[in-house]
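**Student:** The file below is query-v5.pdb, PDB, C-alpha atoms, pLDDT in the B column:
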MODEL        1
ATOM      1  CA  ILE Q 116     -19.162 -17.676  21.837  1.00 64.00           C
ATOM      2  CA  ARG Q 117     -19.160 -21.262  23.091  1.00 64.00           C
ATOM      3  CA  PHE Q 118     -17.887 -22.949  19.956  1.00 70.00           C
ATOM      4  CA  GLY Q 119     -14.633 -22.958  18.091  1.00 86.00           C
ATOM      5  CA  MET Q 120     -13.220 -20.056  16.103  1.00 95.00           C
ATOM      6  CA  ASP Q 121     -11.100 -21.985  13.637  1.00 96.00           C
ATOM      7  CA  ALA Q 122      -8.361 -20.228  11.629  1.00 95.00           C
ATOM      8  CA  VAL Q 123      -9.177 -16.977  13.451  1.00 97.00           C
ATOM      9  CA  LYS Q 124      -7.659 -13.666  12.298  1.00 96.00           C
ATOM     10  CA  ILE Q 125      -8.014 -10.660  14.619  1.00 96.00           C
ATOM     11  CA  ILE Q 126      -7.615  -6.919  14.096  1.00 96.00           C
ATOM     12  CA  GLU Q 127      -8.402  -3.854  16.208  1.00 93.00           C
ATOM     13  CA  ASP Q 128     -10.841  -1.218  14.958  1.00 87.00           C
ATOM     14  CA  ALA Q 129     -10.749   2.538  15.560  1.00 77.00           C
ATOM     15  CA  ASN Q 130     -12.810   2.195  18.754  1.00 81.00           C
ATOM     16  CA  ARG Q 131     -10.379  -0.276  20.345  1.00 84.00           C
ATOM     17  CA  ARG Q 132     -12.780  -3.136  19.782  1.00 93.00           C
ATOM     18  CA  TYR Q 133     -11.392  -6.369  18.371  1.00 97.00           C
ATOM     19  CA  LEU Q 134     -12.805  -7.887  15.197  1.00 97.00           C
ATOM     20  CA  ALA Q 135     -12.306 -11.561  14.388  1.00 98.00           C
ATOM     21  CA  VAL Q 136     -13.037 -13.508  11.233  1.00 98.00           C
ATOM     22  CA  TYR Q 137     -12.952 -17.294  11.394  1.00 98.00           C
ATOM     23  CA  HIS Q 138     -14.633 -20.385  10.007  1.00 97.00           C
ATOM     24  CA  HIS Q 139     -17.002 -22.750  11.745  1.00 96.00           C
ATOM     25  CA  PRO Q 140     -18.768 -25.910  10.487  1.00 94.00           C
ATOM     26  CA  VAL Q 141     -22.546 -25.822  10.095  1.00 92.00           C
ATOM     27  CA  ASN Q 142     -24.159 -29.081   9.004  1.00 92.00           C
ATOM     28  CA  GLY Q 143     -20.766 -30.278   7.885  1.00 91.00           C
ATOM     29  CA  VAL Q 144     -19.983 -27.217   5.733  1.00 92.00           C
ATOM     30  CA  GLN Q 145     -17.596 -24.472   6.823  1.00 95.00           C
ATOM     31  CA  GLN Q 146     -18.837 -20.885   6.871  1.00 96.00           C
ATOM     32  CA  THR Q 147     -16.957 -17.648   7.510  1.00 98.00           C
ATOM     33  CA  ARG Q 148     -18.176 -15.586  10.475  1.00 98.00           C
ATOM     34  CA  LEU Q 149     -17.476 -12.310  12.257  1.00 98.00           C
ATOM     35  CA  ALA Q 150     -17.248 -11.851  16.032  1.00 97.00           C
ATOM     36  CA  THR Q 151     -16.281  -8.916  18.261  1.00 97.00           C
ATOM     37  CA  SER Q 152     -14.634  -8.544  21.641  1.00 97.00           C
ATOM     38  CA  ASN Q 153     -13.508  -5.863  24.079  1.00 95.00           C
ATOM     39  CA  ASP Q 154     -10.913  -8.014  25.849  1.00 95.00           C
ATOM     40  CA  LEU Q 155      -9.807 -10.787  23.421  1.00 95.00           C
ATOM     41  CA  LEU Q 156     -11.322 -13.356  25.822  1.00 94.00           C
ATOM     42  CA  ASN Q 157     -15.081 -12.994  25.475  1.00 95.00           C
ATOM     43  CA  TRP Q 158     -16.454 -12.925  21.933  1.00 96.00           C
ATOM     44  CA  THR Q 159     -19.865 -11.992  20.539  1.00 96.00           C
ATOM     45  CA  PHE Q 160     -21.070 -13.386  17.236  1.00 96.00           C
ATOM     46  CA  GLN Q 161     -22.055 -10.628  14.790  1.00 96.00           C
ATOM     47  CA  ALA Q 162     -22.736 -12.051  11.335  1.00 97.00           C
ATOM     48  CA  VAL Q 163     -22.184 -14.776   8.786  1.00 97.00           C
ATOM     49  CA  ILE Q 164     -19.778 -13.242   6.302  1.00 98.00           C
ATOM     50  CA  GLU Q 165     -19.955 -15.994   3.694  1.00 96.00           C
ATOM     51  CA  PRO Q 166     -21.485 -19.501   3.629  1.00 94.00           C
ATOM     52  CA  ALA Q 167     -19.515 -22.411   2.156  1.00 93.00           C
ATOM     53  CA  SER Q 168     -16.136 -20.798   2.803  1.00 95.00           C
ATOM     54  CA  SER Q 169     -13.102 -20.991   5.074  1.00 97.00           C
ATOM     55  CA  GLN Q 170      -9.635 -19.605   5.882  1.00 97.00           C
ATOM     56  CA  PRO Q 171     -10.634 -15.917   6.093  1.00 98.00           C
ATOM     57  CA  THR Q 172      -8.554 -12.849   6.802  1.00 98.00           C
ATOM     58  CA  ILE Q 173      -9.510  -9.214   7.362  1.00 98.00           C
ATOM     59  CA  LYS Q 174      -7.782  -5.899   6.689  1.00 97.00           C
ATOM     60  CA  LYS Q 175      -8.870  -2.426   7.763  1.00 96.00           C
ATOM     61  CA  ILE Q 176      -8.376   0.361   5.253  1.00 94.00           C
ATOM     62  CA  PRO Q 177      -7.969   3.506   7.402  1.00 85.00           C
ATOM     63  CA  GLY Q 178     -11.031   5.674   6.882  1.00 87.00           C
ATOM     64  CA  LYS Q 179     -12.162   3.536   3.952  1.00 91.00           C
ATOM     65  CA  GLY Q 180     -13.693   0.380   5.352  1.00 96.00           C
ATOM     66  CA  PHE Q 181     -12.668  -3.275   5.493  1.00 98.00           C
ATOM     67  CA  ILE Q 182     -11.704  -6.066   3.116  1.00 98.00           C
ATOM     68  CA  VAL Q 183     -12.395  -9.694   4.042  1.00 98.00           C
ATOM     69  CA  ALA Q 184     -10.594 -12.284   1.919  1.00 98.00           C
ATOM     70  CA  LEU Q 185     -11.485 -15.964   2.135  1.00 98.00           C
ATOM     71  CA  GLU Q 186     -11.408 -19.304   0.364  1.00 97.00           C
ATOM     72  CA  LYS Q 187     -14.763 -19.880  -1.299  1.00 95.00           C
ATOM     73  CA  ILE Q 188     -15.856 -23.491  -1.682  1.00 91.00           C
ATOM     74  CA  GLY Q 189     -17.020 -24.030  -5.260  1.00 82.00           C
ATOM     75  CA  ASP Q 190     -19.649 -26.554  -6.261  1.00 69.00           C
ATOM     76  CA  GLY Q 191     -19.073 -26.477 -10.002  1.00 62.00           C
ATOM     77  CA  THR Q 192     -22.089 -24.327 -10.792  1.00 60.00           C
ATOM     78  CA  ASN Q 193     -21.976 -20.912  -9.161  1.00 57.00           C
ATOM     79  CA  PHE Q 194     -18.481 -20.323  -7.785  1.00 61.00           C
ATOM     80  CA  CYS Q 195     -14.896 -21.008  -8.789  1.00 71.00           C
ATOM     81  CA  GLU Q 196     -15.955 -22.288 -12.238  1.00 62.00           C
ATOM     82  CA  LYS Q 197     -15.664 -25.880 -11.011  1.00 69.00           C
ATOM     83  CA  LYS Q 198     -15.390 -27.807  -7.757  1.00 79.00           C
ATOM     84  CA  GLY Q 199     -12.616 -26.802  -5.411  1.00 89.00           C
ATOM     85  CA  GLY Q 200     -11.631 -23.565  -3.708  1.00 94.00           C
ATOM     86  CA  CYS Q 201     -10.880 -20.103  -5.034  1.00 95.00           C
ATOM     87  CA  ASN Q 202     -10.069 -16.711  -3.568  1.00 97.00           C
ATOM     88  CA  MET Q 203     -12.974 -14.384  -2.802  1.00 97.00           C
ATOM     89  CA  PHE Q 204     -12.890 -10.772  -1.615  1.00 98.00           C
ATOM     90  CA  ASN Q 205     -15.667  -8.780   0.084  1.00 98.00           C
ATOM     91  CA  TYR Q 206     -15.457  -5.013   0.578  1.00 98.00           C
ATOM     92  CA  TYR Q 207     -17.340  -3.298   3.417  1.00 98.00           C
ATOM     93  CA  PRO Q 208     -17.298   0.539   3.302  1.00 97.00           C
ATOM     94  CA  ASP Q 209     -17.880   0.902   7.062  1.00 95.00           C
ATOM     95  CA  VAL Q 210     -18.140  -1.065  10.271  1.00 94.00           C
ATOM     96  CA  ASN Q 211     -21.948  -1.161  10.175  1.00 95.00           C
ATOM     97  CA  SER Q 212     -22.014  -3.016   6.863  1.00 97.00           C
ATOM     98  CA  LEU Q 213     -19.347  -5.373   8.212  1.00 97.00           C
ATOM     99  CA  TYR Q 214     -21.399  -6.110  11.346  1.00 96.00           C
ATOM    100  CA  LYS Q 215     -24.393  -6.923   9.147  1.00 97.00           C
ATOM    101  CA  GLY Q 216     -22.302  -9.120   6.848  1.00 97.00           C
ATOM    102  CA  VAL Q 217     -23.472  -7.140   3.817  1.00 98.00           C
ATOM    103  CA  PRO Q 218     -20.591  -6.250   1.461  1.00 98.00           C
ATOM    104  CA  ASN Q 219     -20.704  -3.309  -0.901  1.00 97.00           C
ATOM    105  CA  LYS Q 220     -18.708  -5.207  -3.518  1.00 97.00           C
ATOM    106  CA  THR Q 221     -17.599  -8.809  -4.031  1.00 97.00           C
ATOM    107  CA  VAL Q 222     -15.158 -10.379  -6.439  1.00 96.00           C
ATOM    108  CA  VAL Q 223     -14.341 -14.062  -6.975  1.00 94.00           C
ATOM    109  CA  ALA Q 224     -10.868 -14.499  -8.447  1.00 95.00           C
ATOM    110  CA  PRO Q 225     -10.476 -17.051 -11.244  1.00 92.00           C
ATOM    111  CA  ARG Q 226      -8.197 -20.017 -10.667  1.00 93.00           C
ATOM    112  CA  THR Q 227      -5.151 -19.517 -12.860  1.00 93.00           C
ATOM    113  CA  LEU Q 228      -2.430 -21.688 -11.291  1.00 96.00           C
ATOM    114  CA  SER Q 229      -4.297 -24.842 -10.277  1.00 95.00           C
ATOM    115  CA  SER Q 230      -7.286 -26.670 -11.708  1.00 90.00           C
ATOM    116  CA  CYS Q 231      -8.050 -28.064  -8.233  1.00 92.00           C
ATOM    117  CA  ASN Q 232      -7.748 -25.397  -5.574  1.00 94.00           C
ATOM    118  CA  GLU Q 233      -6.468 -21.926  -4.757  1.00 96.00           C
ATOM    119  CA  GLY Q 234      -7.106 -20.201  -1.453  1.00 97.00           C
ATOM    120  CA  THR Q 235      -6.108 -19.350   2.130  1.00 97.00           C
ATOM    121  CA  PRO Q 236      -5.465 -15.726   1.139  1.00 98.00           C
ATOM    122  CA  ASN Q 237      -3.691 -13.004   3.080  1.00 98.00           C
ATOM    123  CA  ILE Q 238      -3.581  -9.321   2.209  1.00 97.00           C
ATOM    124  CA  TYR Q 239      -0.101  -7.801   2.111  1.00 96.00           C
ATOM    125  CA  SER Q 240      -1.309  -4.291   1.265  1.00 96.00           C
ATOM    126  CA  ALA Q 241      -4.354  -2.405   0.028  1.00 97.00           C
ATOM    127  CA  GLU Q 242      -4.346   1.094  -1.459  1.00 96.00           C
ATOM    128  CA  LEU Q 243      -7.546   2.911  -2.395  1.00 96.00           C
ATOM    129  CA  ASN Q 244      -6.944   5.903  -4.662  1.00 95.00           C
ATOM    130  CA  PRO Q 245      -9.442   7.232  -3.714  1.00 95.00           C
ATOM    131  CA  ASP Q 246     -11.907   4.350  -3.528  1.00 96.00           C
ATOM    132  CA  ILE Q 247     -12.285   0.600  -4.040  1.00 97.00           C
ATOM    133  CA  ASP Q 248     -12.930   1.094  -7.764  1.00 97.00           C
ATOM    134  CA  HIS Q 249      -9.478   2.658  -8.019  1.00 97.00           C
ATOM    135  CA  SER Q 250      -7.442   0.354  -5.852  1.00 97.00           C
ATOM    136  CA  VAL Q 251      -4.440  -1.964  -5.787  1.00 98.00           C
ATOM    137  CA  ILE Q 252      -4.541  -4.946  -3.422  1.00 98.00           C
ATOM    138  CA  GLU Q 253      -1.511  -7.206  -3.041  1.00 98.00           C
ATOM    139  CA  VAL Q 254      -2.387 -10.754  -2.011  1.00 98.00           C
ATOM    140  CA  GLY Q 255      -0.673 -13.966  -1.010  1.00 98.00           C
ATOM    141  CA  PHE Q 256      -2.332 -17.379  -1.334  1.00 98.00           C
ATOM    142  CA  HIS Q 257      -1.587 -21.040  -1.918  1.00 97.00           C
ATOM    143  CA  TYR Q 258      -2.327 -23.093  -4.996  1.00 97.00           C
ATOM    144  CA  HIS Q 259      -2.584 -26.880  -5.314  1.00 96.00           C
ATOM    145  CA  GLN Q 260       0.443 -27.682  -7.466  1.00 95.00           C
ATOM    146  CA  ASP Q 261      -0.351 -30.554  -9.854  1.00 95.00           C
ATOM    147  CA  CYS Q 262      -3.363 -31.170  -7.568  1.00 94.00           C
ATOM    148  CA  LEU Q 263      -0.928 -32.761  -5.107  1.00 94.00           C
ATOM    149  CA  LEU Q 264       0.791 -30.166  -2.896  1.00 94.00           C
ATOM    150  CA  ASP Q 265       0.065 -26.670  -1.629  1.00 96.00           C
ATOM    151  CA  ARG Q 266       2.634 -24.114  -2.750  1.00 97.00           C
ATOM    152  CA  GLN Q 267       2.893 -20.340  -2.388  1.00 98.00           C
ATOM    153  CA  ALA Q 268       1.668 -17.767  -4.891  1.00 98.00           C
ATOM    154  CA  LYS Q 269       0.983 -14.042  -5.040  1.00 98.00           C
ATOM    155  CA  ALA Q 270      -1.424 -11.825  -6.932  1.00 98.00           C
ATOM    156  CA  THR Q 271      -2.574  -8.280  -7.535  1.00 98.00           C
ATOM    157  CA  LEU Q 272      -6.262  -7.353  -7.501  1.00 98.00           C
ATOM    158  CA  THR Q 273      -6.636  -4.077  -9.400  1.00 98.00           C
ATOM    159  CA  ASN Q 274      -9.722  -1.852  -9.125  1.00 98.00           C
ATOM    160  CA  PHE Q 275     -11.445  -4.744  -7.371  1.00 98.00           C
ATOM    161  CA  LYS Q 276     -11.941  -6.639 -10.625  1.00 96.00           C
ATOM    162  CA  ALA Q 277      -8.703  -7.424 -12.514  1.00 97.00           C
ATOM    163  CA  TRP Q 278      -6.749 -10.409 -11.124  1.00 97.00           C
ATOM    164  CA  THR Q 279      -3.148 -11.245 -12.069  1.00 98.00           C
ATOM    165  CA  SER Q 280      -1.326 -14.042 -10.266  1.00 98.00           C
ATOM    166  CA  GLU Q 281       2.006 -15.845 -10.343  1.00 98.00           C
ATOM    167  CA  ILE Q 282       3.869 -18.568  -8.483  1.00 98.00           C
ATOM    168  CA  ASP Q 283       6.016 -17.155  -5.681  1.00 97.00           C
ATOM    169  CA  LYS Q 284       9.128 -19.108  -6.701  1.00 96.00           C
ATOM    170  CA  PRO Q 285      11.611 -17.421  -4.311  1.00 95.00           C
ATOM    171  CA  LEU Q 286       9.360 -18.146  -1.329  1.00 94.00           C
ATOM    172  CA  ASN Q 287       8.789 -21.772  -2.336  1.00 95.00           C
ATOM    173  CA  GLN Q 288      12.486 -22.336  -2.973  1.00 94.00           C
ATOM    174  CA  ARG Q 289      13.384 -21.205   0.533  1.00 91.00           C
ATOM    175  CA  PHE Q 290      11.659 -24.352   1.774  1.00 90.00           C
ATOM    176  CA  GLU Q 291      12.211 -26.734  -1.123  1.00 90.00           C
ATOM    177  CA  ASN Q 292      15.952 -26.107  -1.323  1.00 91.00           C
ATOM    178  CA  THR Q 293      16.453 -27.375   2.210  1.00 90.00           C
ATOM    179  CA  GLY Q 294      15.346 -30.860   1.161  1.00 86.00           C
ATOM    180  CA  ARG Q 295      13.372 -31.188   4.388  1.00 85.00           C
ATOM    181  CA  PHE Q 296       9.897 -30.216   3.233  1.00 80.00           C
ATOM    182  CA  LYS Q 297       7.960 -32.951   1.440  1.00 81.00           C
ATOM    183  CA  GLY Q 298       4.409 -31.844   2.186  1.00 89.00           C
ATOM    184  CA  ASN Q 299       2.267 -28.732   1.907  1.00 93.00           C
ATOM    185  CA  ILE Q 300       3.477 -25.158   2.294  1.00 92.00           C
ATOM    186  CA  GLY Q 301       0.226 -23.472   3.216  1.00 89.00           C
ATOM    187  CA  ASP Q 302      -0.917 -20.433   5.186  1.00 92.00           C
ATOM    188  CA  ARG Q 303       1.091 -17.232   5.675  1.00 94.00           C
ATOM    189  CA  ASP Q 304       0.802 -13.966   7.530  1.00 92.00           C
ATOM    190  CA  GLU Q 305       2.843 -10.786   7.729  1.00 91.00           C
ATOM    191  CA  PHE Q 306       3.205  -8.445  10.690  1.00 87.00           C
ATOM    192  CA  THR Q 307       5.480  -5.774  12.139  1.00 89.00           C
ATOM    193  CA  TYR Q 308       6.981  -6.003  15.619  1.00 93.00           C
ATOM    194  CA  ALA Q 309       9.545  -3.697  17.246  1.00 96.00           C
ATOM    195  CA  GLY Q 310      10.189  -2.013  13.920  1.00 95.00           C
ATOM    196  CA  HIS Q 311      10.884  -5.256  12.047  1.00 96.00           C
ATOM    197  CA  ASN Q 312       8.747  -6.994   9.421  1.00 94.00           C
ATOM    198  CA  PHE Q 313       8.034 -10.710   9.859  1.00 95.00           C
ATOM    199  CA  LEU Q 314       6.457 -13.293   7.582  1.00 93.00           C
ATOM    200  CA  ILE Q 315       5.151 -16.520   9.101  1.00 94.00           C
ATOM    201  CA  ILE Q 316       4.627 -19.479   6.745  1.00 93.00           C
TER     202      ILE Q 316
ENDMDL
END
Once you've parsed the file, please lay out its structure as structure tokens.
**Tutor:**
Amino acid sequence: IRFGMDAVKIIEDANRRYLAVYHHPVNGVQQTRLATSNDLLNWTFQAVIEPASSQPTIKKIPGKGFIVALEKIGDGTNFCEKKGGCNMFNYYPDVNSLYKGVPNKTVVAPRTLSSCNEGTPNIYSAELNPDIDHSVIEVGFHYHQDCLLDRQAKATLTNFKAWTSEIDKPLNQRFENTGRFKGNIGDRDEFTYAGHNFLII
């Protein structure tokens, strides 16, 4: 790949190959893409995951496929109910469907906390019991508070169709109570290192 891989998120698959989702502008509009690598240095484009979208993330469900979450760009007619972003989730039952960019199921979450924008999702956890139609997916995202500032929120996607969300007040207050943060509180990611859990905001 000789162009940028903006907002890239990388995971390792069962065959020790690296999978990356990222966004890249095409004719002035961001689109989410998938690329693969054997060494984290040289990347091969595989598929367009979703046009008119950005800020993707990917999670492997051991033995049960992949979930790609992203911020879908709405145009007021076919996505997000009106203009602005919303959270979208694609489920791929295996690596072949992921490489082709053909999801088995897709859900677009309704905006419930902001009339302007919700997006930049991360996936805290995903449990399939036993399949995507019987699942619980815990999500973090940001919402555009009063259409002015990005603030943190969380949600549960149940059975890949029911969406319940709420403002993550404790997380927001950690920043707001310092009196030092006047702007956006945006992306987040969680990981484990040396037996400890970390959350980067």
**Student:** May I have the residues within 9 Å of Asn287 of chain Q as a CSV table (one decimal) with C-alpha atoms, keeping the file's coordinate frame, using all atoms listed in the file and disregarding those fewer than 5 positions away in the same chain?
**Tutor:**
chain,number,residue,atom,x,y,z
Q,266,ARG,CA,2.6,-24.1,-2.8
Q,267,GLN,CA,2.9,-20.3,-2.4
Q,268,ALA,CA,1.7,-17.8,-4.9
Q,282,ILE,CA,3.9,-18.6,-8.5
Q,292,ASN,CA,16.0,-26.1,-1.3
Q,300,ILE,CA,3.5,-25.2,2.3
**Student:** To test your reading of the syntax: which residues would the PyMOL selection byres ((chain Q and resi 130-135) around 9) return for the file shown? Reply as a PyMOL selection string.
**Tutor:** chain Q and resi 120+123-129+136-137+148-155+158+172-173
**Student:** So which residues touch Ala224 of chain Q within 12 Å, counting all atoms listed in the file, skipping near sequence neighbours fewer than 3 positions away, as a ChimeraX atom specification?
**Tutor:** /Q:184-187,189,194-196,200-205,221,227-228,232-234,236,254,256,270-273,275-280
**Student:** For this structure, which residues satisfy the selection - the PyMOL selection byres ((chain Q and resi 174) around 9) - when it is evaluated on the file as given? I want them as a PyMOL selection string.
**Tutor:** chain Q and resi 126+172-173+175-176+180-184+237-238+240-241
**Student:** Could you write out that same residue set with C-alpha atoms as a short mmCIF file (atom, residue, chain, number, x, y, z; two decimals), in the frame of the given file?
**Tutor:**
data_model
loop_
_atom_site.label_atom_id
_atom_site.label_comp_id
_atom_site.auth_asym_id
_atom_site.auth_seq_id
_atom_site.Cartn_x
_atom_site.Cartn_y
_atom_site.Cartn_z
CA ILE Q 126 -7.62 -6.92 14.10
CA THR Q 172 -8.55 -12.85 6.80
CA ILE Q 173 -9.51 -9.21 7.36
CA LYS Q 175 -8.87 -2.43 7.76
CA ILE Q 176 -8.38 0.36 5.25
CA GLY Q 180 -13.69 0.38 5.35
CA PHE Q 181 -12.67 -3.28 5.49
CA ILE Q 182 -11.70 -6.07 3.12
CA VAL Q 183 -12.40 -9.69 4.04
CA ALA Q 184 -10.59 -12.28 1.92
CA ASN Q 237 -3.69 -13.00 3.08
CA ILE Q 238 -3.58 -9.32 2.21
CA SER Q 240 -1.31 -4.29 1.26
CA ALA Q 241 -4.35 -2.40 0.03
#
**Student:** Given the file shown, enumerate the residues that the PyMOL selection byres ((chain Q and resi 304-314) around 8) captures and present them as a PDB file with C-alpha atoms, keeping the file's coordinate frame.
**Tutor:**
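Dumped everything to selection_0.pdb:
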ATOM      1  CA  ASN Q 237      -3.691 -13.004   3.080  1.00 98.00           C
ATOM      2  CA  TYR Q 239      -0.101  -7.801   2.111  1.00 96.00           C
ATOM      3  CA  ASP Q 302      -0.917 -20.433   5.186  1.00 92.00           C
ATOM      4  CA  ARG Q 303       1.091 -17.232   5.675  1.00 94.00           C
ATOM      5  CA  ILE Q 315       5.151 -16.520   9.101  1.00 94.00           C
ATOM      6  CA  ILE Q 316       4.627 -19.479   6.745  1.00 93.00           C
TER       7      ILE Q 316
END
**Student:** One decimal, Å: what's the distance from atom CA of Thr293 of chain Q over to atom CA of Asp261 of chain Q, could you say?
**Tutor:**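 Separating atom CA of Thr293 of chain Q from atom CA of Asp261 of chain Q is a distance of 20.9 Å.
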**Student:** Fix up segment 292-300 of chain Q with all heavy atoms, then write it as a PDB file, keeping the file's coordinate frame.
**Tutor:**
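rebuild.pdb, written as the output of this step:
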ATOM      1  N   ASN Q 292      14.504 -25.939  -1.188  1.00 91.00           N
ATOM      2  CA  ASN Q 292      15.952 -26.107  -1.323  1.00 91.00           C
ATOM      3  C   ASN Q 292      16.599 -26.720  -0.092  1.00 91.00           C
ATOM      4  O   ASN Q 292      17.741 -27.170  -0.145  1.00 91.00           O
ATOM      5  CB  ASN Q 292      16.618 -24.765  -1.632  1.00 91.00           C
ATOM      6  CG  ASN Q 292      16.324 -24.283  -3.039  1.00 91.00           C
ATOM      7  OD1 ASN Q 292      15.815 -25.034  -3.871  1.00 91.00           O
ATOM      8  ND2 ASN Q 292      16.644 -23.031  -3.331  1.00 91.00           N
ATOM      9  N   THR Q 293      15.895 -26.736   1.021  1.00 90.00           N
ATOM     10  CA  THR Q 293      16.453 -27.375   2.210  1.00 90.00           C
ATOM     11  C   THR Q 293      16.394 -28.890   2.119  1.00 90.00           C
ATOM     12  O   THR Q 293      17.136 -29.585   2.819  1.00 90.00           O
ATOM     13  CB  THR Q 293      15.689 -26.934   3.470  1.00 90.00           C
ATOM     14  OG1 THR Q 293      14.354 -27.454   3.412  1.00 90.00           O
ATOM     15  CG2 THR Q 293      15.639 -25.421   3.586  1.00 90.00           C
ATOM     16  N   GLY Q 294      15.497 -29.415   1.284  1.00 86.00           N
ATOM     17  CA  GLY Q 294      15.346 -30.860   1.161  1.00 86.00           C
ATOM     18  C   GLY Q 294      14.580 -31.483   2.313  1.00 86.00           C
ATOM     19  O   GLY Q 294      14.446 -32.707   2.382  1.00 86.00           O
ATOM     20  N   ARG Q 295      14.041 -30.663   3.200  1.00 85.00           N
ATOM     21  CA  ARG Q 295      13.372 -31.188   4.388  1.00 85.00           C
ATOM     22  C   ARG Q 295      11.858 -31.135   4.295  1.00 85.00           C
ATOM     23  O   ARG Q 295      11.173 -31.711   5.139  1.00 85.00           O
ATOM     24  CB  ARG Q 295      13.808 -30.391   5.623  1.00 85.00           C
ATOM     25  CG  ARG Q 295      15.287 -30.501   5.920  1.00 85.00           C
ATOM     26  CD  ARG Q 295      15.642 -29.660   7.136  1.00 85.00           C
ATOM     27  NE  ARG Q 295      17.066 -29.758   7.433  1.00 85.00           N
ATOM     28  CZ  ARG Q 295      17.663 -29.108   8.430  1.00 85.00           C
ATOM     29  NH1 ARG Q 295      16.930 -28.328   9.219  1.00 85.00           N
ATOM     30  NH2 ARG Q 295      18.952 -29.230   8.641  1.00 85.00           N
ATOM     31  N   PHE Q 296      11.334 -30.417   3.310  1.00 80.00           N
ATOM     32  CA  PHE Q 296       9.897 -30.216   3.233  1.00 80.00           C
ATOM     33  C   PHE Q 296       9.319 -31.038   2.088  1.00 80.00           C
ATOM     34  O   PHE Q 296       9.569 -30.745   0.920  1.00 80.00           O
ATOM     35  CB  PHE Q 296       9.581 -28.728   3.048  1.00 80.00           C
ATOM     36  CG  PHE Q 296       9.959 -27.895   4.243  1.00 80.00           C
ATOM     37  CD1 PHE Q 296      11.235 -27.373   4.368  1.00 80.00           C
ATOM     38  CD2 PHE Q 296       9.047 -27.675   5.259  1.00 80.00           C
ATOM     39  CE1 PHE Q 296      11.585 -26.613   5.468  1.00 80.00           C
ATOM     40  CE2 PHE Q 296       9.385 -26.919   6.375  1.00 80.00           C
ATOM     41  CZ  PHE Q 296      10.659 -26.389   6.473  1.00 80.00           C
ATOM     42  N   LYS Q 297       8.544 -32.055   2.445  1.00 81.00           N
ATOM     43  CA  LYS Q 297       7.960 -32.951   1.440  1.00 81.00           C
ATOM     44  C   LYS Q 297       6.460 -32.719   1.270  1.00 81.00           C
ATOM     45  O   LYS Q 297       5.876 -33.194   0.312  1.00 81.00           O
ATOM     46  CB  LYS Q 297       8.202 -34.412   1.847  1.00 81.00           C
ATOM     47  CG  LYS Q 297       9.661 -34.756   2.095  1.00 81.00           C
ATOM     48  CD  LYS Q 297      10.516 -34.571   0.855  1.00 81.00           C
ATOM     49  CE  LYS Q 297      11.946 -35.003   1.131  1.00 81.00           C
ATOM     50  NZ  LYS Q 297      12.821 -34.796  -0.043  1.00 81.00           N
ATOM     51  N   GLY Q 298       5.856 -32.014   2.222  1.00 89.00           N
ATOM     52  CA  GLY Q 298       4.409 -31.844   2.186  1.00 89.00           C
ATOM     53  C   GLY Q 298       3.987 -30.455   1.763  1.00 89.00           C
ATOM     54  O   GLY Q 298       4.675 -29.781   0.984  1.00 89.00           O
ATOM     55  N   ASN Q 299       2.842 -30.012   2.300  1.00 93.00           N
ATOM     56  CA  ASN Q 299       2.267 -28.732   1.907  1.00 93.00           C
ATOM     57  C   ASN Q 299       3.016 -27.549   2.523  1.00 93.00           C
ATOM     58  O   ASN Q 299       3.541 -27.638   3.633  1.00 93.00           O
ATOM     59  CB  ASN Q 299       0.805 -28.649   2.358  1.00 93.00           C
ATOM     60  CG  ASN Q 299      -0.064 -29.665   1.653  1.00 93.00           C
ATOM     61  OD1 ASN Q 299       0.110 -29.946   0.476  1.00 93.00           O
ATOM     62  ND2 ASN Q 299      -1.020 -30.230   2.382  1.00 93.00           N
ATOM     63  N   ILE Q 300       3.038 -26.454   1.784  1.00 92.00           N
ATOM     64  CA  ILE Q 300       3.477 -25.158   2.294  1.00 92.00           C
ATOM     65  C   ILE Q 300       2.248 -24.261   2.172  1.00 92.00           C
ATOM     66  O   ILE Q 300       1.895 -23.840   1.075  1.00 92.00           O
ATOM     67  CB  ILE Q 300       4.664 -24.589   1.498  1.00 92.00           C
ATOM     68  CG1 ILE Q 300       5.815 -25.599   1.472  1.00 92.00           C
ATOM     69  CG2 ILE Q 300       5.132 -23.270   2.098  1.00 92.00           C
ATOM     70  CD1 ILE Q 300       6.966 -25.203   0.571  1.00 92.00           C
TER      71      ILE Q 300
END
